[in-house]
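Right, one structure below, let's go through it.
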Amino acid sequence: MDRKLNSDEQWYISPLLDLHKVRNDLLECRDSAEDTIDREIQDRDRKTEAEQELEMWMQSLETTPGILEEEAALAIEEVGNIDIFLEGPSETHIQTLEEMKGDRKFLEKSVLHTHKHLLKREEQMKSSRQRKSAYVTSLKYDKYLLNGGMNTKCFRPQCSLTSKCDDDIVIVVDVMIPYNRQLQSNELRTSRLLKPQSKFMLRGDTLLSDLRRKLHCISDTIFPLENGLELEPVDVDETTASKYPSAFIFINRTFYVDSSHPNACDISFPIRKFMEQKEIFEETDAQVMEGVKIIDLQLRLGQPYVFQHSGNCEHLLIFHDLRLLHETDPRGIDNYPFVLFQKGNEKKCDFCKKSHVEFVVERHELLPNTYTYFCRSCFQEYNFVHGVKTHSFYAWPYTETQAVSTWQMDDMD
């Protein structure tokens with residue numbers, strides 16, 4: 001796919017990364033930075049405050065434009081023994097940052113844009129009724145905090161900042177909304193349809209099979225209801241997930257096949273055969289998904305990969321935000337994949353506008369819309385009389401995302 005997408009020349013796609021090597025490089029950089037900081041702190045602690053002030057003044061004078069090196073050396077030699085650099089701490093009071101914030105006269109005289117912005121915001125807050133909007137802006141992680149529910153704990157410290165966390169990486173993966181139809185040419189040229197359905201934070205030790213079990217889709221519960229028996233209880237064995245349990249995740253020339261279900265098969269075989277016949281595709285391989293960890297992957301950040309399940313339902317997967325595990329991240333490998341964002345698909349009935357949708361009706365002979373959403377009460381009252389179907393239409397059950405995940409967990413148990 002690298003050759004097909006011309007990945008090396010796309011600004012939003014990173015070079016091919018070996019996550020094992022990336023983790024080792026990041027750990028080496030972190031250790032080097034910690035050693036440098038510790039060394040600077042130790043050097044600073046060995047010097048008195050007067051010596052530190054003298055050193056700073058000497059460095060500043062040496063780098064001042066227009067002063068020759070000989071002049072700087074002479075000036076430093078002349079003033080090197082002045083009492084101001086040899087005495088103890090000066091009695092002159094230096095304002096702290098907190099004191100500066102409360103000193104309005106200081107802020108008014110300041111030339112810093114941050115201080116000017118602070119004064120401007122205070123004036124706006126006095127006259128604006130939408131105080132929350134003045135503070136809460138459209139930041140990158142706002143939707144996680146608003147829609148994440150209980151899972152927003154990941155943005156609060158999970159442990160003491162002084163305790164050491166595991167030497168591991170974390171990476172975020174976006175699962176895009178599927179479009180199981182032929183897109184038009186103008187739709188292919190825009191990224192407007194590229195919307196995330198869910199976002200997960202993964203650790204390097206997270207199994208790829210655990211990520212697959214977190215990928216819930218409404219397509220797994222869709223199946224046509226038998227004519228005249230639409231009100232009967234749903235048979236789980238007739239859903240698409242039960243009839244077509246096979247799935248795979250395609251990442252960088254490798255099809256990771258899900259073999260957890262006893263009736264699963266390798267549905268990537270015809271795709272690989274097709275790709276072998278086209279020169280534009282690289283050579284591909286297939287392997288079982290079970291046992292593969294995220295750290296074992298080779299991938300490109302920003303490049304779309306594919307998750308296919310329930311027949312031909314395809315989701316794009318995009319990996320990004322690769323970094324080391326931090327003390328504020330959730331502890332324990334059991335917490336991963338960690339849900340950062342989950343797009344809800346809750347709908348209200350098109351008739352009563354109150355109850356949740358349970359049925360999708362297609363080609364109803366009395367309705368102008370191709371698809372109509374019904375709650376159970378409206379569906380029964382509008383289409384049945386004493387339990388007998390009165391109109392011609394096709395119906396499917398509609399399952400909300402939360403119910404889909406619950407149903408899949410019960411099915412695995």
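Residue numbering restarts at 1 in every chain; chains get A, B, ... in the order shown in the structure tokens, and ligands count up from 1 in that same order.
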(request) Write out as a list in words each polymer residue whose atoms come within 9 Å of A:Phe374, counting only C-alpha atoms; drop sequence neighbours fewer than 2 positions from it. (result) Lys348, Cys349, Asp350, Phe351, Cys352, Ser355, His356, Val357, Glu358, Phe359, Val360, Val361, Thr372, Arg376, Ser377, Cys378 and Phe379 of chain A
Could you go through stretch 300-331 of chain A and tell me which residues DSSP, when run on the backbone, assigns to strand (DSSP E), listing them as a short mmCIF file (atom, residue, chain, number, x, y, z; two decimals) with N, CA, C and O atoms, in the first residue's frame?
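To be explicit, this is the file written out as states_9.cif:
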data_model
loop_
_atom_site.label_atom_id
_atom_site.label_comp_id
_atom_site.auth_asym_id
_atom_site.auth_seq_id
_atom_site.Cartn_x
_atom_site.Cartn_y
_atom_site.Cartn_z
N PRO A 304 -3.53 5.33 6.56
CA PRO A 304 -4.72 4.50 6.83
C PRO A 304 -4.46 3.03 6.57
O PRO A 304 -3.94 2.65 5.52
N TYR A 305 -4.83 2.21 7.55
CA TYR A 305 -4.84 0.76 7.41
C TYR A 305 -6.28 0.27 7.49
O TYR A 305 -7.20 1.08 7.66
N VAL A 306 -6.50 -1.03 7.37
CA VAL A 306 -7.86 -1.54 7.18
C VAL A 306 -8.20 -2.61 8.21
O VAL A 306 -7.38 -3.48 8.51
N PHE A 307 -9.41 -2.50 8.76
CA PHE A 307 -10.02 -3.56 9.57
C PHE A 307 -11.30 -3.99 8.87
O PHE A 307 -12.19 -3.17 8.63
N GLN A 308 -11.40 -5.26 8.52
CA GLN A 308 -12.58 -5.78 7.81
C GLN A 308 -13.21 -6.90 8.63
O GLN A 308 -12.52 -7.78 9.14
N HIS A 309 -14.55 -6.88 8.72
CA HIS A 309 -15.28 -7.86 9.51
C HIS A 309 -16.70 -7.98 8.96
O HIS A 309 -17.12 -7.20 8.09
N CYS A 313 -17.66 -5.25 5.74
CA CYS A 313 -17.67 -3.98 6.48
C CYS A 313 -16.23 -3.58 6.76
O CYS A 313 -15.50 -4.30 7.45
N GLU A 314 -15.80 -2.45 6.21
CA GLU A 314 -14.41 -2.01 6.30
C GLU A 314 -14.30 -0.70 7.09
O GLU A 314 -15.03 0.24 6.83
N HIS A 315 -13.35 -0.69 8.01
CA HIS A 315 -13.02 0.50 8.79
C HIS A 315 -11.56 0.86 8.53
O HIS A 315 -10.70 -0.02 8.52
N LEU A 316 -11.29 2.14 8.37
CA LEU A 316 -9.91 2.60 8.30
C LEU A 316 -9.36 2.78 9.71
O LEU A 316 -10.05 3.28 10.60
N LEU A 317 -8.11 2.36 9.90
CA LEU A 317 -7.41 2.54 11.17
C LEU A 317 -6.23 3.47 10.94
O LEU A 317 -5.43 3.25 10.02
N ILE A 318 -6.10 4.51 11.77
CA ILE A 318 -5.02 5.47 11.64
C ILE A 318 -4.32 5.59 12.99
O ILE A 318 -4.94 5.96 13.99
N PHE A 319 -3.02 5.28 13.02
CA PHE A 319 -2.23 5.36 14.25
C PHE A 319 -1.54 6.72 14.32
O PHE A 319 -1.05 7.23 13.31
N HIS A 320 -1.47 7.28 15.52
CA HIS A 320 -0.81 8.57 15.71
C HIS A 320 -0.47 8.74 17.19
O HIS A 320 -0.78 7.88 18.02
N ASP A 321 0.17 9.87 17.52
CA ASP A 321 0.53 10.22 18.91
C ASP A 321 1.32 9.10 19.59
O ASP A 321 0.92 8.56 20.62
N LEU A 322 2.45 8.77 19.02
CA LEU A 322 3.35 7.76 19.59
C LEU A 322 4.29 8.43 20.59
O LEU A 322 4.93 9.43 20.27
N ARG A 323 4.38 7.86 21.79
CA ARG A 323 5.24 8.43 22.83
C ARG A 323 5.50 7.37 23.89
O ARG A 323 4.99 6.24 23.80
N LEU A 324 6.31 7.74 24.89
CA LEU A 324 6.56 6.84 26.01
C LEU A 324 5.41 6.87 27.01
O LEU A 324 4.70 7.88 27.12
#
(request) Rank nothing, just name the residue among A:Ser32, A:Ser7, A:Gln277, A:Ser209 nearest to A:His261, using only C-alpha atoms. (result) A:Ser209
(request) Between A:Leu26, A:His364, A:Leu119, A:Asp166, single out the one closest to A:Lys105, counting only C-alpha atoms. (result)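 Ranked by minimum distance to A:Lys105, first place goes to A:Leu119.
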(request) To one decimal in Å, tell me the separation between atom CA of A:Pro196 and atom CA of A:Asn335. (result) 21.2 Å
(message) To one decimal place in Å, what is the distance between atom CA of A:Phe106 and atom CA of A:Leu118?
(response) 12.1 Å
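We find atom CA of A:Pro15 and atom CA of A:Glu283 to be spaced 18.5 Å apart.
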(message) I want to know what sits within 9 Å of A:Val234, based on only C-alpha atoms, with residues of the same chain fewer than 5 positions away left out; could you give that as a ChimeraX atom specification?
(response) /A:225,239,397
Kindly save the residues from that selection, with all heavy atoms included, as a PDB file, in the first residue's frame.
ATOM      1  N   LEU A 225     -35.303  -9.266   9.185  1.00  0.00           N
ATOM      2  CA  LEU A 225     -36.336  -9.954   9.957  1.00  0.00           C
ATOM      3  C   LEU A 225     -37.292 -10.680   9.014  1.00  0.00           C
ATOM      4  O   LEU A 225     -37.617 -10.194   7.934  1.00  0.00           O
ATOM      5  CB  LEU A 225     -37.103  -8.952  10.813  1.00  0.00           C
ATOM      6  CG  LEU A 225     -36.260  -8.189  11.846  1.00  0.00           C
ATOM      7  CD1 LEU A 225     -37.099  -7.129  12.539  1.00  0.00           C
ATOM      8  CD2 LEU A 225     -35.658  -9.145  12.866  1.00  0.00           C
ATOM      9  N   THR A 239     -27.316 -13.297  13.175  1.00  0.00           N
ATOM     10  CA  THR A 239     -26.679 -12.007  12.912  1.00  0.00           C
ATOM     11  C   THR A 239     -25.481 -12.186  11.987  1.00  0.00           C
ATOM     12  O   THR A 239     -24.941 -13.292  11.823  1.00  0.00           O
ATOM     13  CB  THR A 239     -26.223 -11.363  14.227  1.00  0.00           C
ATOM     14  OG1 THR A 239     -25.299 -12.245  14.879  1.00  0.00           O
ATOM     15  CG2 THR A 239     -27.411 -11.113  15.143  1.00  0.00           C
ATOM     16  N   PRO A 397     -33.421  -4.998  12.689  1.00  0.00           N
ATOM     17  CA  PRO A 397     -33.267  -4.471  14.057  1.00  0.00           C
ATOM     18  C   PRO A 397     -32.178  -3.409  14.087  1.00  0.00           C
ATOM     19  O   PRO A 397     -31.186  -3.493  13.356  1.00  0.00           O
ATOM     20  CB  PRO A 397     -32.875  -5.696  14.881  1.00  0.00           C
ATOM     21  CG  PRO A 397     -32.224  -6.605  13.895  1.00  0.00           C
ATOM     22  CD  PRO A 397     -32.915  -6.376  12.577  1.00  0.00           C
TER      23      PRO A 397
END
(request) Pick out the closest residue to A:Met289 from this set: A:Leu107, A:Leu211, A:Leu202, A:Val173. Count only C-alpha atoms. (result)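 Ranking A:Leu107, A:Leu211, A:Leu202, A:Val173 by distance to A:Met289, first place goes to A:Leu211.
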(message) Under the rule that only C-alpha atoms are counted, which of A:Lys214, A:Asp31, A:Leu299, A:Gly311 is the nearest residue to A:Pro245?
(response)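 Looking at the shortest contact to A:Pro245, the residue is A:Gly311.
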(message) Let me make sure I understand: among A:Met201, A:Glu226, A:Thr399, A:Arg213, which one has the smallest atom-to-atom distance to A:Pro330 if we use only C-alpha atoms?
(response) A:Met201
(message) Calculated over only C-alpha atoms, which of the candidates A:Ala286, A:Leu17, A:Val170, A:Leu68 has the smallest distance to A:Asp329?
(response) A:Val170
(message) List the spatial neighbours of A:Ile295 as a list in words - criterion: any atom at most 6 Å away, only C-alpha atoms, same-chain residues fewer than 2 positions off excluded.
(response) Leu19, His20, Gly204, Lys293 and Leu297 of chain A
